[in-house]
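> You'll find structure20.txt just under this line, and it carries compact mmCIF, C-alpha atoms.
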```
# COMPACT_ATOMS: atom_id res chain seq x y z
CA MET A 11 11.55 -0.13 -52.94
CA ILE A 12 9.24 -1.52 -50.24
CA ALA A 13 11.60 -0.26 -47.54
CA VAL A 14 11.64 3.22 -49.12
CA VAL A 15 7.84 3.33 -49.29
CA LEU A 16 7.44 2.12 -45.70
CA ASP A 17 10.00 4.65 -44.49
CA LEU A 18 8.00 7.45 -46.12
CA ILE A 19 4.69 6.20 -44.71
CA TYR A 20 6.02 5.92 -41.16
CA SER A 21 7.90 9.23 -41.28
CA ASN A 22 4.90 11.09 -42.69
CA SER A 23 2.69 9.67 -39.93
CA PHE A 24 5.03 10.99 -37.24
CA SER A 25 5.40 14.33 -39.02
CA VAL A 26 1.70 15.21 -38.80
CA SER A 27 0.98 14.31 -35.17
CA LYS A 28 1.68 16.68 -32.28
CA ASN A 29 -0.16 14.60 -29.67
CA ARG A 30 2.00 11.52 -29.22
CA GLY A 31 4.90 12.92 -27.25
CA LYS A 32 7.02 15.93 -26.42
CA ILE A 33 9.29 15.65 -29.46
CA GLY A 34 6.36 15.42 -31.84
CA TYR A 35 4.78 18.34 -29.99
CA VAL A 36 7.87 20.46 -30.61
CA PHE A 37 8.22 19.30 -34.18
CA ASN A 38 4.62 19.70 -35.34
CA SER A 39 3.17 22.55 -33.25
CA THR A 40 2.81 26.19 -34.23
CA PRO A 41 5.77 28.21 -32.88
CA LYS A 42 5.15 29.84 -29.51
CA ASP A 43 6.55 32.61 -27.37
CA TYR A 44 7.49 30.84 -24.15
CA ASP A 45 8.06 32.73 -20.94
CA VAL A 46 9.49 29.56 -19.38
CA VAL A 47 10.76 26.31 -20.89
CA ILE A 48 11.76 23.51 -18.53
CA LEU A 49 14.35 20.92 -19.61
CA GLY A 50 16.03 17.98 -17.95
CA SER A 51 15.52 14.45 -16.78
CA SER A 52 12.71 13.00 -14.70
CA ARG A 53 13.95 15.28 -11.91
CA ALA A 54 12.68 18.15 -14.04
CA ASN A 55 9.63 16.32 -15.36
CA ASN A 56 8.44 15.44 -11.82
CA HIS A 57 9.60 18.55 -9.96
CA PHE A 58 8.33 21.63 -11.84
CA VAL A 59 4.55 22.08 -11.78
CA THR A 60 3.67 23.80 -15.05
CA GLN A 61 0.28 25.05 -13.90
CA MET A 62 1.85 27.05 -11.07
CA PHE A 63 3.86 29.01 -13.65
CA GLU A 64 0.78 29.43 -15.82
CA ASP A 65 -1.13 30.78 -12.83
CA ARG A 66 1.45 33.58 -12.71
CA GLY A 67 0.67 34.42 -16.34
CA LEU A 68 3.83 32.72 -17.61
CA VAL A 69 3.49 30.70 -20.83
CA THR A 70 5.28 27.52 -19.77
CA PHE A 71 5.88 23.94 -20.85
CA ASN A 72 7.80 21.18 -19.08
CA PHE A 73 9.89 19.30 -21.64
CA GLY A 74 11.65 17.19 -18.99
CA MET A 75 11.75 13.53 -20.00
CA GLN A 76 12.16 10.31 -18.04
CA GLY A 77 15.71 9.00 -18.42
CA SER A 78 16.85 12.04 -20.38
CA LYS A 79 20.43 13.23 -20.11
CA LEU A 80 22.05 16.50 -21.09
CA PHE A 81 22.61 15.11 -24.61
CA GLU A 82 18.83 15.08 -25.14
CA SER A 83 18.15 18.33 -23.28
CA ASP A 84 20.62 20.11 -25.54
CA LEU A 85 18.88 18.68 -28.59
CA VAL A 86 15.38 19.64 -27.41
CA LEU A 87 16.57 23.24 -27.02
CA LYS A 88 18.08 23.18 -30.52
CA LEU A 89 14.88 21.73 -31.94
CA LEU A 90 12.70 24.34 -30.21
CA LEU A 91 14.77 27.10 -31.75
CA GLU A 92 14.91 25.39 -35.14
CA LYS A 93 11.11 25.39 -35.10
CA LYS A 94 11.13 29.17 -34.50
CA ASN A 95 9.92 29.10 -30.89
CA LYS A 96 10.98 32.06 -28.75
CA ILE A 97 12.14 31.48 -25.18
CA LYS A 98 12.61 34.07 -22.44
CA ASN A 99 13.67 31.81 -19.57
CA LEU A 100 15.09 28.30 -19.59
CA ILE A 101 15.06 26.25 -16.39
CA ILE A 102 17.18 23.12 -16.55
CA ASP A 103 17.86 20.46 -13.95
CA VAL A 104 21.63 19.93 -13.84
CA ASP A 105 22.89 17.70 -11.07
CA VAL A 106 22.97 13.90 -11.29
CA THR A 107 23.06 14.17 -15.10
CA LEU A 108 26.62 15.47 -14.73
CA ARG A 109 27.65 11.93 -13.81
CA SER A 110 27.38 10.88 -17.45
CA ARG A 111 28.61 12.29 -20.75
CA ASN A 112 26.60 9.79 -22.77
CA ASN A 113 23.16 9.89 -24.31
CA SER A 114 20.10 8.04 -23.05
CA GLU A 115 19.61 5.02 -25.29
CA ALA A 116 15.87 4.98 -24.59
CA THR A 117 15.21 8.71 -24.95
CA ILE A 118 17.04 9.26 -28.24
CA LEU A 119 14.59 6.87 -29.94
CA LYS A 120 11.93 9.58 -29.64
CA PHE A 121 13.92 11.70 -32.12
CA TYR A 122 14.55 9.07 -34.81
CA PRO A 123 11.29 9.50 -36.77
CA TYR A 124 12.35 13.11 -37.47
CA LEU A 125 15.99 12.31 -38.27
CA LYS A 126 15.67 13.11 -41.98
CA SER A 127 13.43 16.13 -41.46
CA SER A 128 15.53 18.13 -39.01
CA SER A 129 19.02 19.45 -39.55
CA ALA A 130 19.33 19.94 -35.77
CA ILE A 131 18.69 16.25 -35.09
CA LYS A 132 20.87 15.10 -37.97
CA THR A 133 23.81 17.23 -36.84
CA HIS A 134 23.40 16.25 -33.18
CA PHE A 135 23.27 12.52 -34.01
CA ARG A 136 26.02 12.46 -36.62
CA LEU A 137 28.67 11.06 -34.25
CA LEU A 138 26.52 8.23 -32.88
CA PRO A 139 27.92 4.80 -33.82
CA ASP A 140 24.90 3.70 -35.89
CA PHE A 141 24.14 7.06 -37.50
CA ASN A 142 24.89 5.99 -41.07
CA ALA A 143 22.67 2.91 -40.88
CA ASN A 144 19.79 4.83 -39.32
CA TYR A 145 20.07 7.72 -41.76
CA TYR A 146 20.91 6.07 -45.05
CA ILE A 147 19.23 2.64 -44.93
CA PRO A 148 15.49 3.04 -45.58
CA PHE A 149 13.22 1.82 -42.78
CA TYR A 150 16.19 0.48 -40.78
CA ARG A 151 15.53 2.60 -37.69
CA TYR A 152 11.85 1.62 -37.58
CA LEU A 153 12.75 -2.07 -37.73
CA LYS A 154 15.56 -1.86 -35.19
CA TYR A 155 13.46 0.08 -32.67
CA GLU A 156 10.10 -1.45 -33.53
CA THR A 157 8.92 -1.64 -29.93
CA LYS A 158 9.30 2.14 -29.53
CA ILE A 159 8.71 3.68 -32.97
CA GLY A 160 7.22 0.74 -34.87
CA PHE A 161 3.77 -0.01 -36.23
CA ARG A 162 1.85 0.59 -32.99
CA GLU A 163 3.29 4.06 -32.48
CA MET A 164 2.94 4.91 -36.17
CA PHE A 165 -0.75 3.89 -36.05
CA PHE A 166 -1.42 6.05 -32.99
CA CYS A 167 0.24 8.98 -34.76
CA THR A 168 -1.93 8.39 -37.81
CA ILE A 169 -5.14 8.59 -35.75
CA ASN A 170 -3.63 11.42 -33.68
CA LYS A 171 -4.19 9.67 -30.35
CA LYS A 172 -3.07 11.89 -27.50
CA SER A 173 -0.36 10.70 -25.12
CA LYS A 174 -0.49 11.34 -21.37
CA GLU A 175 3.04 12.73 -21.73
CA LEU A 176 1.52 16.06 -22.79
CA ASP A 177 -1.03 16.35 -19.99
CA TYR A 178 -0.64 19.10 -17.36
CA GLY A 179 1.78 21.08 -19.49
CA GLY A 180 4.28 18.24 -19.55
CA TYR A 181 4.48 17.92 -15.75
CA HIS A 182 4.13 14.39 -14.37
CA ALA A 183 3.02 14.10 -10.74
CA LEU A 184 4.17 11.22 -8.56
CA GLU A 185 2.52 9.67 -5.53
CA LYS A 186 3.88 9.43 -2.00
CA SER A 187 6.39 6.70 -1.23
CA GLN A 188 5.26 3.63 0.67
CA THR A 189 8.80 2.46 1.44
CA SER A 190 11.92 3.80 3.15
CA LEU A 191 14.02 6.15 1.04
CA GLU A 192 17.76 6.26 0.47
CA GLU A 193 20.27 7.12 -2.24
CA ASN A 194 24.03 6.69 -2.55
CA LEU A 195 26.01 9.34 -4.43
CA SER A 196 29.29 8.68 -2.63
CA LYS A 197 30.69 6.48 -5.40
CA THR A 198 30.19 8.93 -8.23
CA ASP A 199 31.55 12.34 -9.19
CA PRO A 200 30.24 15.08 -11.49
CA SER A 201 32.32 16.31 -14.41
CA ARG A 202 32.22 19.05 -17.01
CA ASN A 203 29.72 18.28 -19.74
CA GLN A 204 29.96 19.38 -23.36
CA TYR A 205 26.17 19.42 -23.81
CA TYR A 206 25.61 21.69 -20.83
CA GLU A 207 28.35 23.92 -22.23
CA GLU A 208 26.45 24.01 -25.53
CA ILE A 209 23.20 24.89 -23.75
CA LYS A 210 24.94 27.84 -22.09
CA GLN A 211 26.33 29.03 -25.42
CA ILE A 212 22.95 28.70 -27.16
CA CYS A 213 21.19 30.64 -24.40
CA LYS A 214 23.78 33.42 -24.55
CA ALA A 215 23.53 33.66 -28.34
CA ASN A 216 19.72 33.77 -28.26
CA LYS A 217 19.41 36.04 -25.19
CA ILE A 218 17.67 33.36 -23.15
CA ASN A 219 17.88 33.69 -19.38
CA LEU A 220 19.35 30.37 -18.23
CA ILE A 221 18.38 29.14 -14.76
CA ALA A 222 20.36 25.98 -14.00
CA VAL A 223 19.38 24.24 -10.78
CA MET A 224 20.01 21.19 -8.64
CA THR A 225 16.68 19.89 -7.39
CA PRO A 226 15.88 18.29 -4.00
CA MET A 227 16.71 14.79 -2.80
CA CYS A 228 15.51 13.02 0.33
CA GLU A 229 17.34 13.37 3.64
CA ASN A 230 18.80 9.85 3.62
CA VAL A 231 21.35 10.52 0.89
CA LYS A 232 24.88 9.24 1.24
CA GLY A 233 27.45 11.48 -0.40
CA PHE A 234 25.72 14.85 -0.14
CA ASP A 235 29.08 16.46 -0.96
CA TYR A 236 28.33 15.48 -4.59
CA PHE A 237 26.36 18.73 -4.86
CA LYS A 238 29.27 20.74 -3.49
CA LYS A 239 31.45 19.19 -6.20
CA VAL A 240 28.94 20.35 -8.82
CA LYS A 241 29.17 23.91 -7.47
CA LYS A 242 32.97 23.82 -7.73
CA ILE A 243 32.75 22.85 -11.39
CA TYR A 244 29.81 25.13 -12.26
CA PRO A 245 29.36 27.90 -9.65
CA GLU A 246 26.39 29.34 -11.56
CA ILE A 247 24.18 26.30 -10.88
CA HIS A 248 21.72 27.09 -8.09
CA ASN A 249 21.74 24.45 -5.37
CA TYR A 250 18.25 23.50 -4.13
CA GLU A 251 19.06 19.93 -3.11
CA ASN A 252 18.14 20.52 0.54
CA VAL A 253 15.19 22.95 0.39
CA VAL A 254 12.77 20.00 0.55
CA ILE A 255 14.06 16.91 2.34
CA GLU A 256 11.33 15.28 4.42
CA ASP A 257 10.36 11.82 3.21
CA LYS A 258 6.66 12.76 3.12
CA TYR A 259 7.43 14.96 0.11
CA PHE A 260 9.11 12.21 -1.94
CA SER A 261 8.08 9.31 -4.13
CA ASP A 262 11.61 7.92 -4.09
CA CYS A 263 14.81 9.49 -2.85
CA GLY A 264 15.52 11.31 -6.11
CA HIS A 265 11.97 12.27 -7.08
CA MET A 266 9.45 14.35 -5.16
CA ASN A 267 5.78 13.51 -5.10
CA ASP A 268 3.14 16.02 -6.19
CA GLU A 269 3.03 17.72 -2.79
CA GLY A 270 6.81 18.11 -2.72
CA ALA A 271 6.91 19.35 -6.31
CA LYS A 272 4.39 22.08 -5.50
CA LYS A 273 6.39 23.13 -2.45
CA PHE A 274 9.58 23.27 -4.53
CA THR A 275 7.99 25.06 -7.50
CA ALA A 276 6.68 27.75 -5.13
CA ILE A 277 10.26 28.37 -3.99
CA ILE A 278 11.51 28.65 -7.58
CA LEU A 279 8.73 31.08 -8.46
CA LYS A 280 9.51 33.22 -5.42
CA ASP A 281 13.25 33.28 -6.12
CA PHE A 282 13.17 33.93 -9.88
CA PHE A 283 9.73 35.17 -10.93
CA ASN A 284 8.52 37.32 -8.04
CA LYS A 285 8.80 40.66 -9.82
```
Just give me the structure as structure tokens.

Amino acid sequence: MIAVVLDLIYSNSFSVSKNRGKIGYVFNSTPKDYDVVILGSSRANNHFVTQMFEDRGLVTFNFGMQGSKLFESDLVLKLLLEKKNKIKNLIIDVDVTLRSRNNSEATILKFYPYLKSSSAIKTHFRLLPDFNANYYIPFYRYLKYETKIGFREMFFCTINKKSKELDYGGYHALEKSQTSLEENLSKTDPSRNQYYEEIKQICKANKINLIAVMTPMCENVKGFDYFKKVKKIYPEIHNYENVVIEDKYFSDCGHMNDEGAKKFTAIILKDFFNK
């Protein structure tokens, strides 16, 4: 009985706060008509400057999340539509995430407080190994993942403390690198991904213009042919991996700093939103 009561208290706290993170923001905000929604990993979160879209009169939010994979991006899109948001254009970073078909163990924790309140989350999670325990055992998920969705986070939701995750329209700027930059993609290959396939199907069914891109990496990358392999699998993905390459525009080899992100976002705006 105590576990049931605690489960209700924690879940209700998460269900009333839209300021603690991007999932809560989707779940608890009034539905919007978005001109542009941005999805993906940190390479979306750090590379698309929301304000530059807004300056063009485009209602935009960057839902890219650190460590996110296509599993989570697919679910965010489903959740946005479940909550009656309307989307005209969807920009999604699809490149290094094609190396993995799995979910992000850290990122999926953000969805667990809403597991019993969303059919989209429940359906998406139903094949995860610990789904039954997390769904049917009261308070289990809050105990198991206490460091992420435990008392501290529940308390901040209760007092509606705002998270920095929502600042600047979801865009997170990085600083310039102070070290040499390099990345090795030569030992990995992209593959077809069921969650990207789902995203394409959802966009087609809901008349959303899908803009799938590969975002820049620094010039000292080994295995640049990785991006050519992506194009062979998915020819519709726009390849921007080499439009910004100088080290001065990067925080690390896979993530541009604020200056680089602005340079890249300007290119995207010119190519897709210049009408």
> Would you work out the distance separating CA of Leu184 in chain A from CA of Asn95 in chain A, expressed in Å to one decimal?
29.2 Å
> If you count all atoms listed in the file, which residues fall within 12 Å of Gln61 in chain A, apart from same-chain ones fewer than 4 positions away, as a short mmCIF file (atom, residue, chain, number, x, y, z; two decimals) with C-alpha atoms, in the coordinates of the input?

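Listing of part_34.cif after writing:
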```cif
data_model
loop_
_atom_site.label_atom_id
_atom_site.label_comp_id
_atom_site.auth_asym_id
_atom_site.auth_seq_id
_atom_site.Cartn_x
_atom_site.Cartn_y
_atom_site.Cartn_z
CA VAL A 46 9.49 29.56 -19.38
CA ASP A 65 -1.13 30.78 -12.83
CA ARG A 66 1.45 33.58 -12.71
CA GLY A 67 0.67 34.42 -16.34
CA LEU A 68 3.83 32.72 -17.61
CA VAL A 69 3.49 30.70 -20.83
CA THR A 70 5.28 27.52 -19.77
CA PHE A 71 5.88 23.94 -20.85
CA ASN A 72 7.80 21.18 -19.08
CA ASP A 177 -1.03 16.35 -19.99
CA TYR A 178 -0.64 19.10 -17.36
CA GLY A 179 1.78 21.08 -19.49
CA GLY A 180 4.28 18.24 -19.55
CA TYR A 181 4.48 17.92 -15.75
CA HIS A 182 4.13 14.39 -14.37
CA ALA A 183 3.02 14.10 -10.74
CA ALA A 271 6.91 19.35 -6.31
CA LYS A 272 4.39 22.08 -5.50
CA THR A 275 7.99 25.06 -7.50
CA ALA A 276 6.68 27.75 -5.13
CA LEU A 279 8.73 31.08 -8.46
#
```
> If you count all atoms listed in the file, which residues fall within 10 Å of Ile209 in chain A, apart from same-chain ones fewer than 2 positions away, as an mmCIF file with C-alpha atoms, keeping the file's coordinate frame?

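Result went into selection_12.cif, see below:
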```cif
data_model
loop_
_atom_site.group_PDB
_atom_site.id
_atom_site.type_symbol
_atom_site.label_atom_id
_atom_site.label_comp_id
_atom_site.auth_asym_id
_atom_site.auth_seq_id
_atom_site.Cartn_x
_atom_site.Cartn_y
_atom_site.Cartn_z
ATOM 1 C CA LEU A 80 22.050 16.500 -21.090
ATOM 2 C CA PHE A 81 22.610 15.110 -24.610
ATOM 3 C CA SER A 83 18.150 18.330 -23.280
ATOM 4 C CA ASP A 84 20.620 20.110 -25.540
ATOM 5 C CA LEU A 85 18.880 18.680 -28.590
ATOM 6 C CA LEU A 87 16.570 23.240 -27.020
ATOM 7 C CA LYS A 88 18.080 23.180 -30.520
ATOM 8 C CA LEU A 100 15.090 28.300 -19.590
ATOM 9 C CA ILE A 102 17.180 23.120 -16.550
ATOM 10 C CA GLN A 204 29.960 19.380 -23.360
ATOM 11 C CA TYR A 205 26.170 19.420 -23.810
ATOM 12 C CA TYR A 206 25.610 21.690 -20.830
ATOM 13 C CA GLU A 207 28.350 23.920 -22.230
ATOM 14 C CA GLN A 211 26.330 29.030 -25.420
ATOM 15 C CA ILE A 212 22.950 28.700 -27.160
ATOM 16 C CA CYS A 213 21.190 30.640 -24.400
ATOM 17 C CA LYS A 214 23.780 33.420 -24.550
ATOM 18 C CA ALA A 215 23.530 33.660 -28.340
ATOM 19 C CA LEU A 220 19.350 30.370 -18.230
#
```
> For Ala13 in chain A, which residue out of A:Val26, A:Ile243, A:Leu90, A:Leu153 is the nearest one, using all atoms listed in the file?
A:Leu153
> Using CA of Lys232 in chain A and CA of Ser196 in chain A as the two end points, give the distance in Å to one decimal.
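According to the coordinates, CA of Lys232 in chain A and CA of Ser196 in chain A are separated by 5.9 Å.
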> Using only C-alpha atoms, determine which residues lie at most 12 Å from Thr168 in chain A, disregarding the query and same-chain residues fewer than 6 positions distant; provide the list as a VMD selection string.
chain A and resid 19 to 30 161 to 162
> Write out, as a compact mmCIF listing (two decimals), in the frame of the given file, the residues just selected, with C-alpha atoms.

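Written output follows (result.txt):
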```
# COMPACT_ATOMS: atom_id res chain seq x y z
CA ILE A 19 4.69 6.20 -44.71
CA TYR A 20 6.02 5.92 -41.16
CA SER A 21 7.90 9.23 -41.28
CA ASN A 22 4.90 11.09 -42.69
CA SER A 23 2.69 9.67 -39.93
CA PHE A 24 5.03 10.99 -37.24
CA SER A 25 5.40 14.33 -39.02
CA VAL A 26 1.70 15.21 -38.80
CA SER A 27 0.98 14.31 -35.17
CA LYS A 28 1.68 16.68 -32.28
CA ASN A 29 -0.16 14.60 -29.67
CA ARG A 30 2.00 11.52 -29.22
CA PHE A 161 3.77 -0.01 -36.23
CA ARG A 162 1.85 0.59 -32.99
```
> If you measure from CA of Glu251 in chain A to CA of Val36 in chain A, what distance in Å do you get, rounded to one decimal?
29.7 Å
> Report as a Markdown table the residues of range 191-215 of chain A within 9 Å of range 109-119 of chain A, each with its shortest atom pair and distance in Å (one decimal), using only C-alpha atoms, ordered by chain and increasing residue number.

```
| residue | atom | partner | partner_atom | distance |
| --- | --- | --- | --- | --- |
| A:Thr198 | CA | A:Arg109 | CA | 6.8 |
| A:Asp199 | CA | A:Arg109 | CA | 6.1 |
| A:Pro200 | CA | A:Arg109 | CA | 4.7 |
| A:Ser201 | CA | A:Arg109 | CA | 6.4 |
| A:Arg202 | CA | A:Arg111 | CA | 8.5 |
| A:Asn203 | CA | A:Arg111 | CA | 6.2 |
| A:Gln204 | CA | A:Arg111 | CA | 7.7 |
| A:Tyr205 | CA | A:Arg111 | CA | 8.1 |
```
> I'd like to know which of A:Asp235, A:Asp105, A:Glu193, A:Asp281 is closest to Gly264 in chain A, using only C-alpha atoms.
A:Glu193
> Rank A:Lys280, A:Lys96, A:Lys42, A:Lys239 by their smallest atom-to-atom distance to Leu195 in chain A, using only C-alpha atoms, and report the top residue only.
A:Lys239
> Which of these residues is nearest to Lys241 in chain A, using all atoms listed in the file: A:Cys167, A:Leu108, A:Ala143, A:Val47?
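The closest residue to Lys241 in chain A is A:Leu108.
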> Could you check which of A:Asn194, A:Ser51, A:Ser187, A:Ser39 is closest to Glu256 in chain A, using all atoms listed in the file?
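Checking each candidate against Glu256 in chain A, we get A:Ser187 as the closest.
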> Between A:Arg151, A:His134, A:Lys238, A:Lys79, which is the closest to Leu49 in chain A once you count only C-alpha atoms?
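The closest residue to Leu49 in chain A is A:Lys79.
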